[in-house]
Amino acid sequence: MVLETLNDSARTTALADEAHALMALLYPICRSITGDGVRQTLDHVNTIAPLRRTEVPSGTPVFDWTVPREWNIRDAYIADAAGQRLVDFKQHSLHVVSYSTPVRERMSRQALEPHLHSLPDRPHAIPYRTAYYRETWGFCLSQQARDALGEGPFDVCIDSSLQDGHLSIGECLIPGQSGDEAVVYTHTCHPALANDNLSGIALAAVLARELATCKPRLTWRFVFGPGTIGSLTWLSRNEGRLGHVRAGLVMGLLGDSGPLNYKHSRRGGTLIDRAAALAMRDHGGHELPFEPYGYDERQFCSPGFDLPFGRLTRSPNATFAQYHNSDDNLDFVGKPALAGALQALGSVVQAVDGNQRFINLSPKGEPQLGKRGLYGNVGGTGPGAFEHGLLWLLNQSDGRHDLINIAQRSGLPFETLARGAAALQTAALLAPAPATAGGHETKAGGLT
Amino acid sequence: MVLETLNDSARTTALADEAHALMALLYPICRSITGDGVRQTLDHVNTIAPLRRTEVPSGTPVFDWTVPREWNIRDAYIADAAGQRLVDFKQHSLHVVSYSTPVRERMSRQALEPHLHSLPDRPHAIPYRTAYYRETWGFCLSQQARDALGEGPFDVCIDSSLQDGHLSIGECLIPGQSGDEAVVYTHTCHPALANDNLSGIALAAVLARELATCKPRLTWRFVFGPGTIGSLTWLSRNEGRLGHVRAGLVMGLLGDSGPLNYKHSRRGGTLIDRAAALAMRDHGGHELPFEPYGYDERQFCSPGFDLPFGRLTRSPNATFAQYHNSDDNLDFVGKPALAGALQALGSVVQAVDGNQRFINLSPKGEPQLGKRGLYGNVGGTGPGAFEHGLLWLLNQSDGRHDLINIAQRSGLPFETLARGAAALQTAALLAPAPATAGGHETKAGGLT
Amino acid sequence: MVLETLNDSARTTALADEAHALMALLYPICRSITGDGVRQTLDHVNTIAPLRRTEVPSGTPVFDWTVPREWNIRDAYIADAAGQRLVDFKQHSLHVVSYSTPVRERMSRQALEPHLHSLPDRPHAIPYRTAYYRETWGFCLSQQARDALGEGPFDVCIDSSLQDGHLSIGECLIPGQSGDEAVVYTHTCHPALANDNLSGIALAAVLARELATCKPRLTWRFVFGPGTIGSLTWLSRNEGRLGHVRAGLVMGLLGDSGPLNYKHSRRGGTLIDRAAALAMRDHGGHELPFEPYGYDERQFCSPGFDLPFGRLTRSPNATFAQYHNSDDNLDFVGKPALAGALQALGSVVQAVDGNQRFINLSPKGEPQLGKRGLYGNVGGTGPGAFEHGLLWLLNQSDGRHDLINIAQRSGLPFETLARGAAALQTAALLAPAPATAGGHETKAGGLT
């Protein structure tokens, strides 16, 4: 069965260690929605999960948007008259507003002030700010540093460039047995923020590599790209293939100490929604209704596509104090949280890839399991989980209920039922149901 | 937008004052299901909301019923042998059982007793009793007064008349832009009971006048008529036009201190149900399931009509101690309660009249709101309610979801979304959806 | 109306006494899935409810199963060298594993040990064990007795026979006015266990006799047969008639002190499910979702039949400490529990048999009930339950809602509505709705 290795906690602990090490390598790199930082990030991911790279030129129209100019930055600081750097990009990549235009100027405090961003309520932390689609510049600094700046004059330097270039996307393709596809998307555009989203990048990388060792039914694509413009660009370049996408998952922010949160797709009730709901039940996570604000599910779930994409995070955007500021650092991300997220991701992938409907070949009454060695031989005591699973599978296998349905209704894990279905197929009591128009997204009857 | 003035608390406070003043004028008038008291009541309403008057002759068949003879009363009393009035209609119109036949007789206490009605559990209060469809007479008095009556003999007088005449209905018509109609019904038949239903009469009058200053989409009819026989008569005279009625509301009992209660229509899920559910959410009211007992919704929701009529009250019939007795007086009705009810009514009317479905004209991915000045330009912080509303509108506007759906699902007020839809139409990102057979009553998919 | 006698608590108390007396007669008989004990049991039932008997030969194929050889037992014991019986079948029929093969042997403790069954956690109780489909033998004894056995040698005797014979089923047929049928099944295969299932056998017997005194609409069949193989055999012999079965109920375990528990059918929402849900509401019982583990509903609800069968018990299998051991004796079963179960069964049978849809013949507005003597004549106070029932019946009788719907939605008992419907039919305000394809299993719209 696909990804059953992620049921093994020793394995997920080792993978979480590896993911955290990757995050440590990526943390110092200054990323934005374009630029060399993104390319360096993809280089590192490529060492774990081999990527096909796509470079899309600036100016390329993407639906209502245009691929922006490429932004790169070498240095930036605010220095006092003595040349001492009071705010220094080289110390923290969050210090510069992303996509700041170049500046090199001596300025008074008054002139500088509109270009400063800080957090009065969290005085020690550097905020994260961007200005992608408007020519401006700015510095982010802690409120404490801002209070200590003095009156100037200051030498202000941003040694950046905004020039025609490319937007970079990486994609790890894992071929499946069928032409149907599943897509996993994680955003690569944030600078030194560990949970948001080095956690997503690192876990997607190790998950992709693990999955590549199985023979999945679906073809899986793990896409690493910037937020918004990245998913829009991917959609515009893959529009012809979207009809094959059976399930999609936006993943990120998976390393904090909060519980897992699965946000449903716009459509609701799709394969990914049902697989993830089961994983949340079995891994103590929560389910969130769809809303149009969030991460790249905004684009996949826009009404012109309405793709069956959900989102898995721990604490969602803007619900934790370290969100979008320098406290979202490597210490904020726990290895047990990463390991737990991997286990849940494994369950989701297993159910998405392995969901199936069956037909009971002996549907009149229960078949006599005992004579086939599938049921305890001395009666009077009750069945265990595996035997309960057999009864559920036989009872519900009329071609309308799939394994996820049966797992939901029975309270049993997907994996128990998948093993039971294999045993019943071996005993010639169950056969795969013929495909129907509804495919894998049937909302079956009954209580499910 | 229609009736946004009722979002203004200074305005609703002034209107509540006006409504209370009208109630004070109406309180002394003896109303019943027919008669001069009803006509005088409509005269007063007419000073606020111009009424078209209908007088339907006694004996007119109305479905399974017949318009009864007209009842008028000039005087009634129980006097002792010395001529002192012990029970006096001129002191309180509740003292006479409504529709009492004339009587002028000297009687013993024993003979009088079967004609007396009092409330042992509420000894100071005069009950309200009627005998519309059976020839009898009676007096209502407090238990205290009854206990003090003595043994008689008594001079008993009811100077009433029951003669062929008319049943009186008033209707305030507010023409709309479309041929579709909405109907508001409030009952006019109760004598000196302030909450039940001078509150409904007075609020309907000021609401109608306010609405007449807007240009509503629907044609609105505010109908003032007696309970049961009034709504039956209105239905029988308007049967050919019922197909145009998109929504209806029975309103009354809106001045007590209880929370608002919206009772759903028999059909459920109709435009009025959805608009009112939203108003209850935003004004702290409750929703009640349909039941066939109640006010005039009984007739509108009978299976032969099954019209989309709900009912808005504060404390419903028989759930408060002052119900149907003399404690339901002007002191029992609070101006803040009237003002709050008006605000909720404004929300209901606004959503009923302004509900609409749209089509996103840029449905592939999110359109770039920033370049249109509709979204904050420095990123990294989240959107406000208006911007959230834009995202919801764009995401859900596939022609299937109307503004009420989106308000329900997003948790945002109808008004925020109506303003957002206007802004997006101006930006050419949204257009009205073509009409469908389902019209305004689609139960859209998704979580709504 | 069918079975309204079971609303009478004096009657149900007398019937519970009678049922308990029958249980006392049946308790000493050693039953299994076949054999003379079952036949003796059916003989006793026959004195209350006349049975048609069916004897199915060993070896008869029944779907995936085969009718087993018939098992009979005369004696069994474990004796010490002095000939003293340490474990004696004649003292308790649970002492022998059901379907034990014959044995007569002198054995050491060590050799005997694998054939002993006891309950370490419940040391005074004898467990119940079976070995129907595997040739073996064994003894069940209390842990205390086992600890005191000594080392032997023991004279071990099971004087049983396993020979070609028959499987015995009894059926009490109560002809109805229509060709539609209802089936009640209770299992007869357990030896000296009082709640499981002498309670079911005895209550089914008295219920059948009571029902036979009414003129039910449906033809009712009360089937007394062994668990699993009995229901499979009945199904195989009645397969051609299953299309007439409108409702079915597996009943048993109805004498303990737990609350009533109705387990829904596989399909859900069927006539029996709706009738029983109402009965649980009105008799303080619980509803359980369908699951494929349990009693004979497993067979009736297998996907090849998918019959509308539910199950009524008090404490279900394996949820009470006395389950399947000698503490499930006559003292464990309470007469009040039996009487309460009978009342609930009466409600279920009444609603299954009497459910009906009506058409309001005066559907425009409410008909004037007062002039027909169906409504209080002095207004101002509210209606009672019967009058509420009339309003509900008139409002919902558009041919789509049946009495169970209306009872669910109104909160009124089925019986109140059945009486109201009779009164409205007499007044020519209601007529039976024409039959539709959906028949008695429509899930009507609205809130139900």
# chains A, B, ... in the order shown; residues from 1 in each chain; ligands from 1

call {"tool": "interface_residues", "arguments": {"of": "chain A", "to": "chain B", "cutoff": "6 Å", "atoms": "only C-alpha atoms", "output": "compact mmCIF listing (two decimals) with C-alpha atoms, in the first residue's frame"}}
result
# COMPACT_ATOMS: atom_id res chain seq x y z
CA ASP A 64 -5.74 38.97 -15.03
CA ARG A 129 6.13 43.24 4.49
CA THR A 130 5.92 43.15 0.68
CA ALA A 131 5.24 45.60 -2.14
CA PRO A 292 -11.73 32.37 -0.26
CA GLN A 299 -6.47 30.31 -7.11
CA SER A 302 -11.52 30.22 -8.02
CA PRO A 303 -14.85 29.72 -9.80
CA GLY A 304 -13.27 29.49 -13.26

call {"tool": "residues_around", "arguments": {"residues": "stretch 23-27 of chain A", "least_positions_apart": "3", "cutoff": "8 Å", "atoms": "only C-alpha atoms", "output": "PyMOL selection string"}}
result
chain A and resi 19-20+41+44+191-194+198-199+202+330

call {"tool": "closest_residue", "arguments": {"among": "A:Leu141, A:Ala182, A:Ile48, A:Leu253", "to": "A:Arg217", "atoms": "only C-alpha atoms"}}
result
A:Ala182

call {"tool": "select_by_dssp", "arguments": {"residues": "stretch 11-197 of chain B", "states": "helix (DSSP H, G or I)", "output": "JSON list (two decimals) with C-alpha atoms, in the first residue's frame"}}
result
[["chain", "number", "residue", "atom", "x", "y", "z"],
["B", 11, "ARG", "CA", -33.36, 57.32, 12.84],
["B", 12, "THR", "CA", -34.85, 54.15, 14.33],
["B", 13, "THR", "CA", -35.08, 55.80, 17.74],
["B", 14, "ALA", "CA", -37.11, 58.64, 16.24],
["B", 15, "LEU", "CA", -39.30, 56.19, 14.35],
["B", 16, "ALA", "CA", -39.88, 54.12, 17.49],
["B", 17, "ASP", "CA", -41.04, 57.28, 19.26],
["B", 18, "GLU", "CA", -43.45, 57.94, 16.45],
["B", 19, "ALA", "CA", -44.72, 54.37, 16.50],
["B", 20, "HIS", "CA", -45.31, 54.52, 20.23],
["B", 21, "ALA", "CA", -47.26, 57.75, 19.84],
["B", 22, "LEU", "CA", -49.49, 56.08, 17.25],
["B", 23, "MET", "CA", -50.06, 53.16, 19.61],
["B", 24, "ALA", "CA", -51.18, 55.58, 22.33],
["B", 25, "LEU", "CA", -53.79, 57.00, 19.93],
["B", 26, "LEU", "CA", -55.03, 53.54, 19.01],
["B", 36, "ASP", "CA", -66.09, 51.05, 13.40],
["B", 37, "GLY", "CA", -63.10, 50.52, 15.69],
["B", 38, "VAL", "CA", -61.21, 48.90, 12.87],
["B", 39, "ARG", "CA", -62.10, 51.75, 10.53],
["B", 40, "GLN", "CA", -60.93, 54.34, 13.04],
["B", 41, "THR", "CA", -57.70, 52.42, 13.43],
["B", 42, "LEU", "CA", -57.13, 52.42, 9.67],
["B", 43, "ASP", "CA", -57.86, 56.18, 9.63],
["B", 44, "HIS", "CA", -54.98, 56.74, 12.02],
["B", 45, "VAL", "CA", -52.64, 54.43, 10.07],
["B", 46, "ASN", "CA", -53.56, 56.35, 6.93],
["B", 93, "SER", "CA", -62.63, 47.63, 26.09],
["B", 94, "LEU", "CA", -61.47, 44.17, 27.23],
["B", 95, "HIS", "CA", -64.43, 44.04, 29.65],
["B", 109, "ARG", "CA", -75.32, 36.33, 40.39],
["B", 110, "GLN", "CA", -76.05, 32.72, 39.66],
["B", 111, "ALA", "CA", -77.55, 33.54, 36.27],
["B", 112, "LEU", "CA", -74.70, 35.93, 35.46],
["B", 113, "GLU", "CA", -71.92, 33.56, 36.48],
["B", 114, "PRO", "CA", -71.67, 31.51, 33.24],
["B", 115, "HIS", "CA", -71.12, 34.78, 31.38],
["B", 143, "GLN", "CA", -60.60, 37.87, 39.52],
["B", 144, "GLN", "CA", -60.44, 40.51, 42.26],
["B", 145, "ALA", "CA", -63.42, 42.34, 40.79],
["B", 146, "ARG", "CA", -65.30, 39.10, 40.34],
["B", 147, "ASP", "CA", -64.69, 38.11, 43.95],
["B", 194, "ALA", "CA", -50.63, 47.10, 23.12],
["B", 195, "ASN", "CA", -48.02, 44.56, 22.18],
["B", 196, "ASP", "CA", -50.61, 42.31, 20.52],
["B", 197, "ASN", "CA", -50.94, 44.04, 18.17]]

call {"tool": "residues_around", "arguments": {"residues": "B:Ser142", "least_positions_apart": "6", "cutoff": "6 Å", "atoms": "only C-alpha atoms", "output": "PyMOL selection string"}}
result
chain B and resi 118+123-126

call {"tool": "residues_around", "arguments": {"residues": "stretch 275-283 of chain B", "least_positions_apart": "6", "cutoff": "7 Å", "atoms": "only C-alpha atoms", "output": "ChimeraX atom specification"}}
result
/B:262,344,347-348,351-352,404,408

call {"tool": "atom_distance", "arguments": {"atom1": "atom CA of C:Ala422", "atom2": "atom CA of B:Leu232"}}
result
26.1 Å

call {"tool": "residues_around", "arguments": {"residues": "C:Gln350", "least_positions_apart": "4", "cutoff": "6 Å", "atoms": "only C-alpha atoms", "output": "list in words"}}
result
Val2, Gly346 and Gly354 of chain C

call {"tool": "atom_distance", "arguments": {"atom1": "atom CA of A:Ser178", "atom2": "atom CA of A:Ala339"}}
result
29.5 Å

call {"tool": "select_by_dssp", "arguments": {"residues": "stretch 179-209 of chain B", "states": "strand (DSSP E)", "output": "ChimeraX atom specification"}}
result
/B:181-187

call {"tool": "write_last_selection", "arguments": {"atoms": "N, CA, C and O atoms", "output": "mmCIF file, in the first residue's frame"}}
result
data_model
loop_
_atom_site.group_PDB
_atom_site.id
_atom_site.type_symbol
_atom_site.label_atom_id
_atom_site.label_comp_id
_atom_site.auth_asym_id
_atom_site.auth_seq_id
_atom_site.Cartn_x
_atom_site.Cartn_y
_atom_site.Cartn_z
ATOM 1 N N GLU B 181 -43.725 40.664 -6.221
ATOM 2 C CA GLU B 181 -44.313 41.340 -5.067
ATOM 3 C C GLU B 181 -43.836 40.739 -3.752
ATOM 4 O O GLU B 181 -43.451 39.577 -3.674
ATOM 5 N N ALA B 182 -43.892 41.581 -2.722
ATOM 6 C CA ALA B 182 -43.705 41.116 -1.347
ATOM 7 C C ALA B 182 -44.882 41.640 -0.537
ATOM 8 O O ALA B 182 -45.388 42.723 -0.802
ATOM 9 N N VAL B 183 -45.324 40.844 0.425
ATOM 10 C CA VAL B 183 -46.510 41.197 1.209
ATOM 11 C C VAL B 183 -46.146 41.178 2.693
ATOM 12 O O VAL B 183 -45.471 40.256 3.157
ATOM 13 N N VAL B 184 -46.588 42.220 3.401
ATOM 14 C CA VAL B 184 -46.442 42.259 4.854
ATOM 15 C C VAL B 184 -47.843 42.326 5.446
ATOM 16 O O VAL B 184 -48.652 43.151 5.020
ATOM 17 N N TYR B 185 -48.139 41.436 6.377
ATOM 18 C CA TYR B 185 -49.488 41.391 6.954
ATOM 19 C C TYR B 185 -49.397 41.582 8.460
ATOM 20 O O TYR B 185 -48.552 40.984 9.121
ATOM 21 N N THR B 186 -50.287 42.437 8.995
ATOM 22 C CA THR B 186 -50.345 42.599 10.457
ATOM 23 C C THR B 186 -51.800 42.658 10.871
ATOM 24 O O THR B 186 -52.642 43.213 10.154
ATOM 25 N N HIS B 187 -52.120 42.060 12.020
ATOM 26 C CA HIS B 187 -53.536 41.926 12.388
ATOM 27 C C HIS B 187 -54.020 43.124 13.207
ATOM 28 O O HIS B 187 -53.326 43.636 14.075
#

call {"tool": "residues_around", "arguments": {"residues": "B:Gln356", "least_positions_apart": "6", "cutoff": "9 Å", "atoms": "only C-alpha atoms", "output": "list in words"}}
result
His401, Asp402, Leu403, Ile404, Pro432, Ala433 and His440 of chain B

call {"tool": "write_last_selection", "arguments": {"atoms": "N, CA, C and O atoms", "output": "JSON list (two decimals), in the first residue's frame"}}
result
[["chain", "number", "residue", "atom", "x", "y", "z"],
["B", 401, "HIS", "N", -24.86, 31.24, -6.51],
["B", 401, "HIS", "CA", -24.95, 31.73, -5.13],
["B", 401, "HIS", "C", -25.42, 33.18, -5.13],
["B", 401, "HIS", "O", -24.87, 34.02, -5.84],
["B", 402, "ASP", "N", -26.40, 33.46, -4.32],
["B", 402, "ASP", "CA", -26.87, 34.84, -4.23],
["B", 402, "ASP", "C", -26.26, 35.52, -3.00],
["B", 402, "ASP", "O", -25.51, 34.91, -2.23],
["B", 403, "LEU", "N", -26.57, 36.80, -2.86],
["B", 403, "LEU", "CA", -25.93, 37.56, -1.78],
["B", 403, "LEU", "C", -26.25, 36.98, -0.40],
["B", 403, "LEU", "O", -25.41, 37.00, 0.50],
["B", 404, "ILE", "N", -27.45, 36.47, -0.24],
["B", 404, "ILE", "CA", -27.80, 35.89, 1.07],
["B", 404, "ILE", "C", -26.95, 34.65, 1.35],
["B", 404, "ILE", "O", -26.42, 34.48, 2.44],
["B", 432, "PRO", "N", -24.69, 41.03, -13.14],
["B", 432, "PRO", "CA", -25.84, 40.28, -12.67],
["B", 432, "PRO", "C", -25.98, 38.96, -13.43],
["B", 432, "PRO", "O", -25.77, 38.92, -14.64],
["B", 433, "ALA", "N", -26.31, 37.90, -12.72],
["B", 433, "ALA", "CA", -26.50, 36.61, -13.37],
["B", 433, "ALA", "C", -27.83, 36.61, -14.09],
["B", 433, "ALA", "O", -28.78, 37.25, -13.64],
["B", 440, "HIS", "N", -35.24, 33.66, -7.07],
["B", 440, "HIS", "CA", -34.54, 34.09, -5.87],
["B", 440, "HIS", "C", -34.60, 33.07, -4.76],
["B", 440, "HIS", "O", -34.19, 33.34, -3.66]]

call {"tool": "atom_distance", "arguments": {"atom1": "atom CA of B:Asn329", "atom2": "atom CA of B:Ala10"}}
result
25.5 Å

call {"tool": "residues_around", "arguments": {"residues": "C:Gly179", "least_positions_apart": "5", "cutoff": "9 Å", "atoms": "only C-alpha atoms", "output": "list in words"}}
result
Arg217, Leu218, Thr219 and His244 of chain C

call {"tool": "closest_residue", "arguments": {"among": "C:Leu86, C:Ile73, C:Leu119, C:Val97", "to": "C:Ser160", "atoms": "only C-alpha atoms"}}
result
C:Ile73
